[in-house]
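See below for work-v8.tsv, which holds TSV, C-alpha atoms.
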```tsv
chain	number	residue	atom	x	y	z
A	1	MET	CA	0.00	0.00	0.00
A	2	THR	CA	2.75	2.39	-1.01
A	3	ASP	CA	0.27	4.99	-2.30
A	4	TYR	CA	-1.93	4.81	0.81
A	5	HIS	CA	-0.79	7.17	3.56
A	6	ASN	CA	-1.91	8.09	7.06
A	7	GLN	CA	-1.95	11.45	8.79
A	8	TRP	CA	-2.64	11.62	12.53
A	9	LEU	CA	-4.06	14.32	14.78
A	10	ALA	CA	-4.33	14.30	18.57
A	11	ASP	CA	-6.72	16.24	20.75
A	12	PRO	CA	-5.32	18.72	23.32
A	13	GLY	CA	-3.45	17.04	26.15
A	14	ILE	CA	-2.46	14.00	24.09
A	15	ASP	CA	1.16	13.54	23.08
A	16	LEU	CA	1.04	12.02	19.60
A	17	PHE	CA	4.55	10.66	20.17
A	18	SER	CA	3.82	8.99	23.50
A	19	GLU	CA	4.15	5.23	23.81
A	20	GLU	CA	0.38	4.72	24.04
A	21	ALA	CA	-0.40	6.95	21.04
A	22	THR	CA	2.27	5.21	18.96
A	23	ILE	CA	0.77	1.80	19.77
A	24	ILE	CA	-2.70	3.10	18.84
A	25	ARG	CA	-1.66	4.36	15.43
A	26	ALA	CA	0.40	1.24	14.66
A	27	PHE	CA	-2.54	-0.97	15.66
A	28	ILE	CA	-5.19	0.94	13.68
A	29	GLU	CA	-2.99	1.17	10.58
A	30	SER	CA	-2.35	-2.58	10.81
A	31	ASP	CA	-6.01	-3.44	11.28
A	32	TYR	CA	-6.91	-1.41	8.22
A	33	ILE	CA	-4.40	-3.36	6.12
A	34	VAL	CA	-6.01	-6.65	7.15
A	35	ASP	CA	-9.55	-5.26	6.98
A	36	SER	CA	-8.88	-4.16	3.41
A	37	GLY	CA	-8.42	-7.71	2.21
A	38	GLY	CA	-4.89	-8.51	3.25
A	39	ASP	CA	-3.60	-11.20	5.57
A	40	ARG	CA	-2.32	-10.73	9.09
A	41	SER	CA	1.13	-11.40	7.72
A	42	ASP	CA	0.74	-8.19	5.68
A	43	ALA	CA	0.21	-6.10	8.82
A	44	TYR	CA	2.97	-4.58	10.95
A	45	HIS	CA	5.40	-6.85	12.75
A	46	GLY	CA	3.89	-7.98	16.06
A	47	PHE	CA	0.24	-7.42	15.08
A	48	SER	CA	-0.68	-11.11	15.22
A	49	ARG	CA	1.01	-11.45	18.60
A	50	ILE	CA	-0.74	-8.52	20.29
A	51	THR	CA	-4.17	-9.54	18.94
A	52	ALA	CA	-3.97	-13.28	19.66
A	53	ASN	CA	-6.65	-13.03	22.36
A	54	THR	CA	-8.37	-9.78	21.45
A	55	ARG	CA	-12.12	-9.62	22.04
A	56	GLY	CA	-14.25	-7.71	19.55
A	57	THR	CA	-14.06	-7.02	15.83
A	58	VAL	CA	-10.35	-7.04	15.09
A	59	SER	CA	-9.97	-7.94	11.43
A	60	SER	CA	-9.07	-11.46	10.36
A	61	ASP	CA	-7.45	-12.83	7.23
A	62	ARG	CA	-9.48	-12.30	4.04
A	63	ARG	CA	-12.33	-10.73	5.97
A	64	TYR	CA	-14.64	-10.53	2.96
A	65	GLY	CA	-14.27	-14.17	1.95
A	66	GLU	CA	-12.10	-13.53	-1.08
A	67	PRO	CA	-10.27	-16.56	-2.56
A	68	ALA	CA	-6.67	-16.96	-1.47
A	69	ASP	CA	-5.40	-16.24	-5.00
A	70	THR	CA	-7.30	-12.92	-5.25
A	71	PRO	CA	-4.83	-10.18	-6.25
A	72	PRO	CA	-4.39	-7.56	-3.53
A	73	ARG	CA	-6.41	-4.40	-3.98
A	74	VAL	CA	-4.54	-1.29	-4.99
A	75	TYR	CA	-5.25	1.42	-2.42
A	76	ARG	CA	-4.47	5.08	-2.91
A	77	GLY	CA	-5.04	8.29	-1.00
A	78	THR	CA	-4.71	9.57	2.54
A	79	SER	CA	-6.61	8.56	5.66
A	80	ILE	CA	-6.92	11.32	8.27
A	81	ASN	CA	-7.05	9.90	11.80
A	82	ARG	CA	-7.68	11.59	15.14
A	83	ILE	CA	-6.98	10.34	18.67
A	84	LEU	CA	-9.74	11.67	20.92
A	85	SER	CA	-8.66	10.38	24.32
A	86	ILE	CA	-6.39	7.95	26.14
A	87	GLN	CA	-7.70	7.12	29.61
A	88	THR	CA	-6.14	5.07	32.40
A	89	ILE	CA	-8.40	2.14	33.31
A	90	PRO	CA	-9.33	1.84	37.03
A	91	ALA	CA	-8.11	-0.92	39.33
A	92	GLY	CA	-9.33	-4.42	38.54
A	93	TYR	CA	-7.65	-4.54	35.15
A	94	PRO	CA	-4.05	-5.54	34.38
A	95	GLY	CA	-1.48	-2.93	35.36
A	96	ASP	CA	-0.75	-0.06	32.96
A	97	SER	CA	-4.13	-0.50	31.24
A	98	VAL	CA	-5.72	2.16	29.07
A	99	VAL	CA	-8.81	2.65	26.94
A	100	ALA	CA	-8.47	4.87	23.89
A	101	TYR	CA	-10.89	6.39	21.40
A	102	ALA	CA	-10.02	7.50	17.89
A	103	CYS	CA	-11.68	8.51	14.61
A	104	SER	CA	-10.74	7.83	11.02
A	105	ASP	CA	-11.77	9.63	7.84
A	106	ALA	CA	-10.86	7.57	4.78
A	107	TYR	CA	-13.18	9.31	2.33
A	108	ASP	CA	-10.31	10.73	0.30
A	109	THR	CA	-9.08	7.28	-0.68
A	110	ASP	CA	-9.96	4.69	-3.28
A	111	TYR	CA	-9.17	1.11	-4.19
A	112	ASP	CA	-8.67	-0.21	-7.70
A	113	GLY	CA	-9.73	3.22	-8.94
A	114	ARG	CA	-13.11	3.11	-7.20
A	115	LYS	CA	-14.66	4.66	-4.13
A	116	PRO	CA	-16.05	2.31	-1.45
A	117	ASP	CA	-19.72	1.51	-2.00
A	118	SER	CA	-22.30	3.54	-0.10
A	119	SER	CA	-22.98	0.75	2.41
A	120	ARG	CA	-19.48	1.20	3.86
A	121	LEU	CA	-19.12	4.84	4.84
A	122	PRO	CA	-15.35	5.34	5.07
A	123	SER	CA	-15.31	6.60	8.65
A	124	SER	CA	-14.70	4.77	11.91
A	125	SER	CA	-15.02	5.43	15.65
A	126	TYR	CA	-12.46	3.18	17.30
A	127	GLU	CA	-12.41	1.92	20.87
A	128	ILE	CA	-9.26	0.11	22.02
A	129	TRP	CA	-8.59	-1.51	25.41
A	130	MET	CA	-4.98	-2.52	25.97
A	131	HIS	CA	-2.41	-3.15	28.67
A	132	ASN	CA	1.36	-3.22	28.95
A	133	THR	CA	3.01	-6.47	30.04
A	134	ALA	CA	6.52	-5.01	30.27
A	135	SER	CA	7.91	-5.54	33.78
A	136	THR	CA	10.22	-2.54	33.72
A	137	ALA	CA	9.81	0.90	32.25
A	138	THR	CA	12.23	1.72	29.43
A	139	PRO	CA	12.55	4.95	27.45
A	140	TYR	CA	10.26	4.81	24.43
A	141	PRO	CA	11.70	6.28	21.21
A	142	ARG	CA	10.02	8.97	19.16
A	143	PHE	CA	8.75	7.40	15.95
A	144	GLU	CA	8.37	9.65	12.91
A	145	GLY	CA	9.66	9.66	9.37
A	146	PRO	CA	8.73	9.20	5.70
A	147	ARG	CA	7.99	5.46	5.73
A	148	ASN	CA	4.45	4.06	5.40
A	149	ALA	CA	5.14	1.36	7.98
A	150	PRO	CA	7.66	0.58	10.71
A	151	GLU	CA	10.60	-1.59	9.80
A	152	GLY	CA	10.29	-3.77	12.91
A	153	ASP	CA	8.01	-4.51	15.88
A	154	VAL	CA	7.01	-1.27	17.65
A	155	PHE	CA	4.34	-2.85	19.88
A	156	GLY	CA	6.74	-3.77	22.68
A	157	GLY	CA	4.98	-5.41	25.64
A	158	TRP	CA	1.50	-4.10	24.82
A	159	ILE	CA	-1.47	-6.43	24.33
A	160	VAL	CA	-4.82	-5.39	22.83
A	161	ASP	CA	-7.57	-6.85	25.02
A	162	LYS	CA	-10.65	-5.49	23.26
A	163	PHE	CA	-11.28	-3.57	20.06
A	164	THR	CA	-14.09	-2.29	17.88
A	165	SER	CA	-14.11	0.05	14.89
A	166	SER	CA	-17.56	1.29	15.90
A	167	THR	CA	-17.68	2.23	19.57
A	168	SER	CA	-20.95	2.01	21.51
A	169	ASP	CA	-19.94	5.11	23.51
A	170	ARG	CA	-22.43	7.67	22.19
A	171	VAL	CA	-20.34	10.71	23.09
A	172	GLN	CA	-17.27	9.42	21.28
A	173	GLN	CA	-19.39	8.16	18.39
A	174	GLU	CA	-21.06	11.55	17.93
A	175	THR	CA	-17.74	13.35	18.23
A	176	CYS	CA	-16.37	11.27	15.36
A	177	SER	CA	-19.52	11.75	13.30
A	178	ASP	CA	-19.52	15.53	13.79
A	179	TRP	CA	-15.82	15.74	12.96
A	180	PHE	CA	-16.31	13.68	9.81
A	181	LYS	CA	-19.20	15.86	8.63
A	182	SER	CA	-17.27	19.05	9.39
A	183	ARG	CA	-14.45	17.88	7.17
A	184	HIS	CA	-16.89	17.45	4.27
A	185	ASP	CA	-19.11	20.51	4.70
A	186	GLY	CA	-21.78	18.48	6.47
A	187	ASN	CA	-23.03	17.07	3.17
A	188	ARG	CA	-24.12	13.51	2.61
A	189	LEU	CA	-21.25	11.94	0.74
A	190	ARG	CA	-21.87	10.48	-2.66
A	191	MET	CA	-20.02	7.28	-3.57
A	192	SER	CA	-19.32	6.70	-7.23
A	193	THR	CA	-16.59	6.02	-9.76
A	194	ASP	CA	-16.87	9.63	-10.99
A	195	PHE	CA	-14.31	11.42	-8.84
A	196	ALA	CA	-10.87	12.97	-9.03
A	197	PRO	CA	-7.97	10.72	-7.97
A	198	PRO	CA	-7.28	11.29	-4.26
A	199	LEU	CA	-4.18	13.13	-3.12
A	200	VAL	CA	-1.43	11.05	-1.54
A	201	LEU	CA	-0.26	13.38	1.22
A	202	PRO	CA	2.94	12.84	3.24
A	203	ASN	CA	2.66	10.43	6.16
A	204	TYR	CA	2.48	12.10	9.57
A	205	PRO	CA	4.07	11.28	11.90
A	206	GLY	CA	5.00	8.33	9.68
A	207	TRP	CA	7.76	5.89	10.55
A	208	PRO	CA	11.56	6.15	10.41
A	209	GLU	CA	13.73	3.82	8.38
A	210	ASP	CA	14.70	1.81	11.48
A	211	ALA	CA	11.45	1.95	13.51
A	212	ALA	CA	11.89	-1.05	15.81
A	213	ARG	CA	12.23	-1.45	19.55
```

As structure tokens:
Amino acid sequence: MTDYHNQWLADPGIDLFSEEATIIRAFIESDYIVDSGGDRSDAYHGFSRITANTRGTVSSDRRYGEPADTPPRVYRGTSINRILSIQTIPAGYPGDSVVAYACSDAYDTDYDGRKPDSSRLPSSSYEIWMHNTASTATPYPRFEGPRNAPEGDVFGGWIVDKFTSSTSDRVQQETCSDWFKSRHDGNRLRMSTDFAPPLVLPNYPGWPEDAAR
């Protein structure tokens, strides 16, 4: 997916380069690769490991039932993603546990020269529950650069416990919906093959050439 890029935003108070935010963007970018018809082996290094026991709707190989010999789709454009919040989970959960909410606007993308059909509005309201299994705290590097994907495993000791691309939290859901509409003048989006090719904007923060822990 060399012509499919991601740009990330973070709400006030969230460090986009923090360990938790980096795990969130690596996870969501990986899930999209698999959700788009790839295999887990196509996702970022470590994705299969951190999702081995994930509850919810994390994508699985060939989600749409395509034959194994189906050529990979050609994706192009830029997904704009926004981290809304990262909250520490109260006692009763594994140590260093957080729940995070994020939005994604993938309207300015296409695959095989087509827009997604109207039944799959290209926006998501993510909810991710995860915890860190690392026994000792180590300095976490700042990951940014021109690459589409990290070179190695950036997930460290984190495990994703629960995930959905459509949160049931009404406040977060409405925040994503309002943000999506504001980015497109509040109009109902029209899906068709009659559209200008989407812009492939630079990745941000992106990944450095040697992005591995």

Of A:Thr175, A:Asn132, A:Thr22, A:Asn203, the one sitting nearest Asp161 (chain A) when using only C-alpha atoms is A:Asn132

Separating CA of Thr138 (chain A) from CA of Phe27 (chain A), to the nearest tenth of an Å, is a gap of 20.4 Å

Smallest atom-to-atom distance to Lys181 (chain A): which of A:Ser104, A:Gly56, A:Thr88, A:Asp15, using all atoms listed in the file?
->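 That would be A:Ser104, the residue with the smallest distance to Lys181 (chain A).
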
Near Leu9 (chain A), counting all atoms listed in the file, which residues have an atom at most 10 Å away, once you skip same-chain residues fewer than 5 positions from it, shown as a PyMOL selection string?
chain A and resi 14-16+80-84+102-103+204-205

For CA of Glu151 (chain A) and CA of Phe163 (chain A), quote the distance in Å rounded to one decimal.
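Answer for the CA of Glu151 (chain A) to CA of Phe163 (chain A) separation: 24.2 Å.
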
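Closest approach to Ile23 (chain A) among A:Asp185, A:Pro202, A:Pro150, A:Ser123 is made by A:Pro150 (distances from all atoms listed in the file).
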
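For the pair CA of Thr109 (chain A) and CA of Pro198 (chain A), the separation is 5.7 Å.
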